[in-house]
Each structure stands twice: as C-alpha cells, then as structure tokens.
Amino acid sequence: MVRMGKNDHAAVQAALAGDKDAYGALVKLHGASLFRVAFRITGNESDADDVVQDAFLRGYQKLDSFESRSSFGTWICRIAVRCALDRIGGRKKTEGSRVAEADDPQQAEVQVADATAGPERRLLSGEIAALQEQALRSLSPMEQAAFVLRHLEDCSTEEIAAALGIAPGAARQAVFRAVQKMRGRLAILRVTP
Amino acid sequence: MKHLNEEELIEHYYKADASSAKHLARCAECAQAYAALQSDLAALQFPAPPARDVAYGEQVWASISSSLLRYEPHKKSWLHGGLWRGLSYASSGALLLACAFYAGRIWEHKQPQTTVAANSAPVQQMAVPPAPPSPPQPQPATPQPRQLVVVVLGDHLDRSEQLLVELKHADASNAELISPLRDEARSLLSANRLCRRKARNSDDPALAAALDRLDSLLTELANQKEELDAAAITRLQDEMNADGLLFEVRVLRSRIPDPPPGSRHFKGGTI
C-alpha cells in the first residue's frame with residue numbers, strides 16, 4: 001500500500017489554494033505504487049494504467065474532502081482500490097458465464113481433468129501460475145482486493161478495511177474466505193506424500 | 001484443549017499471535033494444519049507487476065493535468081463569515097433575552113402573598129392618599145401609563161383588624177373619634193376589593209368569604225353620613241357581627257407570615 005509522505009499535506013493544501021502543480025508532485029510520488037496495487041487487483045497492465053489515471057482524477061475532484069488526519073497515500077489508494085473493483089466488477093459482469101464456471105461442479109471436473117494431465121505438466125511453473133491467477137480471478141471483487149492487499153501488499157486488517165470502506169471484521173472475513181477458496185481451488189496442485 | 005480453527009490459523013499466518021503460537025507449540029494436530037496452510041500460501045506465486053519508475057508518475061500527470069481545473073483559493077467572504085456569524089449571535093442573544101424575560105414573569109407570578117394589578121381604577125385609588133368619594137372625573141385624552149401596585153395581604157389585614165378593634169370600642173358620643181373610622185374604611189375599601197379578587201383567583205374560599213364580609217362592613221361604614229351617631233355604631237357592631245369578623249381577620253392574619261424586613265411600606269400596601 002502507498003505509505004504516508006511527510007509533505008503530502010502541504011502539497012494538498014497548496015493544490016487547494018490553486019497550485020495545480022502541487023498535485024502533480026503527489027501524482028509523481030504515488031503513481032508507481034498505485035499502479036502496483038491496481039495491477040495486483042486487475043491483473044492487467046492497461047486496466048491498471050486506466051485505474052491509476054482514474055484514481056488521480058477522482059482524487060483531485062474530491063481533494064477538498066480529504067481529511068488531514070489520514071495520509072494522502074492511504075486516501076488515494078482507497079480511491080484506486082474502488083476504481084479497480086469497479087473495473088473488475090464490470091469485467092466480471094461481461095464474463096459472467098465464465099466466472100460461473102469456476103463454481104460449477106461439473107466444470108470443476110473438467111478443470112481437474114485438465115490439471116491432471118500428468119505430474120510433469122503440473123510442475124510446469126507457467127501453468128501453476130496460470131492456475132493460481134485463475135483462482136485469484138475467480139474470487140469476488142471484494143475478496144480479491146482483500147486478498148491482494150493482505151497477501152501481496154502486506155496491509156493490516158485496519159488498512160484493508162479503510163481501503164475497501166468496510167469494517168475490520170468484514171475485512172478479516174473477506175481475507176479468510178479468499179484464502180479458503182484459493183486453497184480449495186488449488187488443492188489439486190498439492191503434492192501428497 | 002480447544003483447537004485453532006482455519007480462520008485463526010490464517011490470522012496467525014499474517015499476524016503472529018502469541019497465544020496461537022503457544023497453542024501450536026503444544027498441539028500437533030493444529031501444527032500440522034498450520035504447516036499445510038503455510039505450504040499452500042507460500043506456494044502462491046503471482047506474476048510481478050511490470051516495473052514503473054518515477055517517470056511513470058510524470059506520464060500519468062501529463063495525461064491528466066490538462067483535464068483538471070485549478071482550485072480557486074478559499075476567500076473568507078464577510079457575507080458568509082461575519083454577517084451570518086453575527087446574525088446567529090444576535091438571534092441567540094435575543095432568544096436568551098426572551099427566555100430570561102419569560103422566566104422572570106413566571107417567577108414573579110409564583111411569588112406568594114403578592115398581588116399584581118395593573119391599570120385599574122380601584123388600585124389607583126388605593127395607591128393615592130385617601131379621599132372622599134367624589135363625582136367621576138373626566139378621563140384624560142391620552143391613555144395613562146399602566147400603574148403597577150403590589151398589595152400585601154398581611155398589611156391589609158393588619159389595618160382591617162385595627163379598624164375593627166376601633167369600631168368595637170368606638171365611643172359614639174365623641175364625633176371626632178368616629179370620623180377617622182369612616183375615612184379609614186373608605187381607604188381600605190379599594191384594597192379590600194383587590195385582595196378579594198386575588199383570593200378568588202387563587203382559589204382560597206375561606207379568605208374570599210372573609211373579605212366579602214369585610215367588604216360589606218367597609219362599604220356600610222364608608223357610606224355613613226357625616227354625623228356618625230351612637231345608634232349607627234351599635235347597628236354596625238350588631239348587624240355586621242364585627243366581633244366575629246374581627247376574630248376571622250385575626251385567624252387569617254396569623255396564617256400569613258410577616259413581610260421581609262427590607263420591604264418598603266406605604267399606606268395601603270407594600271412595594
């Protein structure tokens with residue numbers, strides 16, 4: 001997650017006072033880290049670029065509602081996560097039938113059959129990564145974002161809750177469900193002695 | 001021993017907890033489950049995000065800066081700041097003043113033994129020095145300001161008691177001693193009517209009845225001719241039952257505490 005910068009508050013105040021370039025400094029400072037989070041959630045480079053631009057645009061429009069007690073990095077990351085969730089949510093609607101396949105027991109058999117093509121094939125890291133990616137994308141947008149923030153960005157439960165705009169308990173539950181589902185779907189990769 | 005559930009194991013994986021660690025050290029079953037979880041989560045390998053450097057932020061800024069409108073600096077308008085704030089203070093002050101005034105009025109009305117009368121002819125007669133009945137005076141063209149007179153019932157009963165005592169022991173042969181009784185009765189008459197009205201309003205039937213009888217006596221005494229003879233005195237004493245009325249006035253007076261020492265007394269009342 002994007003961390004707090006010391007001069008962020010001063011830059012925000014300057015931008016609100018009419019200095020647009022001060023906001024530019026914030027974009028340059030937080031752009032790369034925001035892209036990383038956006039890419040983790042969307043899984044797509046071009047989508048992540050769009051999410052970053054969209055997040056900074058929305059952030060500028062809502063800059064007067066930014067409260068100084070929180071850090072700008074956390075605040076803009078929250079907006080980016082929202083943008084990313086909107087994007088993958090819309091994408092999953094259009095790919096609804098494909099997403100449904102993952103929970104379909106009959107289709108699961110097909111996947112298992114595909115995965116059990118042979119131990120040699122399973123060990124191929126490329127395919128493993130593809131399966132993991134598929135398992136991640138089969139999660140709900142909220143679970144996906146919670147898992148990415150927890151597992152890949154090393155955010156605390158409170159930070160996840162703030163980024164997703166939910167209660168800490170709900171954030172913890174989202175992480176738990178995501179891990180549970182991921183383990184279930186990747187159980188076929190488990191090497192049993 | 002209560003085993004750790006999957007949620008607790010996941011929580012412990014991401015944020016090590018002392019109590020969970022202690023349990024895992026002692027419980028082989030949970031330790032095995034936790035090892036499986038560790039293995040599964042450690043095996044998760046997602047593709048690293050494409051690298052983005054500081055130039056990336058500049059690119060993003062270059063792409064969005066043209067569509068951003070410059071914020072106007074906040075100007076503290078006197079219209080939005082000073083005027084509205086001043087108006088809110090003024091309205092709050094006016095509200096407080098009105099509340100204080102209303103509370104004062106209620107407090108004043110709840111004071112015991114105090115009668116407030118305003119702009120009434122009998123009260124004006126009581127407040128001014130006693131004078132013989134005279135034909136009605138023509139009213140002035142401009143309205144008189146309301147006159148506020150506070151009459152203390154205790155004072156009135158004191159004076160009535162004194163009058164009744166003097167009436168009881170009146171010597172009909174001495175005309176000079178009789179005339180002041182009539183004048184005093186005329187003076188007490190208006191105050192008595194005021195007190196009687198107050199007693200009726202305050203739902204005190206005993207006091208109202210006593211003041212009714214006192215009113216009859218005072219009216220009879222005030223309307224006597226210039227020459228108040230012995231027969232008239234005797235008739236008043238007998239017919240009006242002056243002794244009984246005197247006793248009643250004394251009883252009523254004993255129910256009323258004396259006014260505070262700081263009160264300003266005048267003839268006919270206390271302010």
# chains A, B, ... in the order shown; residues from 1 in each chain; ligands from 1

$ residues_around --residues "stretch 25-33 of chain A" --least-positions-apart "5" --cutoff "8 Å" --atoms "only C-alpha atoms" --output "number ranges by chain"
A: 1-2, 8, 11, 52, 56, 73; B: 52-58, 60-61

$ interface_residues --of "chain A" --to "chain B" --cutoff "8 Å" --atoms "only C-alpha atoms" --output "MDAnalysis selection string"
chainID A and resid 15:20 24 27:32 35:36 39:40 45 52:53 57 60 129 132:133 150:151 176 179 183 190

$ closest_residue --among "B:Leu164, B:Tyr89, B:Leu207, B:Ala170" --to "B:Arg255" --atoms "only C-alpha atoms"
B:Leu207

$ atom_distance --atom1 "atom CA of A:Ala146" --atom2 "atom CA of A:Asp64"
27.5 Å

$ residues_around --residues "B:Leu236" --least-positions-apart "6" --cutoff "9 Å" --atoms "only C-alpha atoms" --output "VMD selection string"
chain B and resid 167 217 220 to 221 242
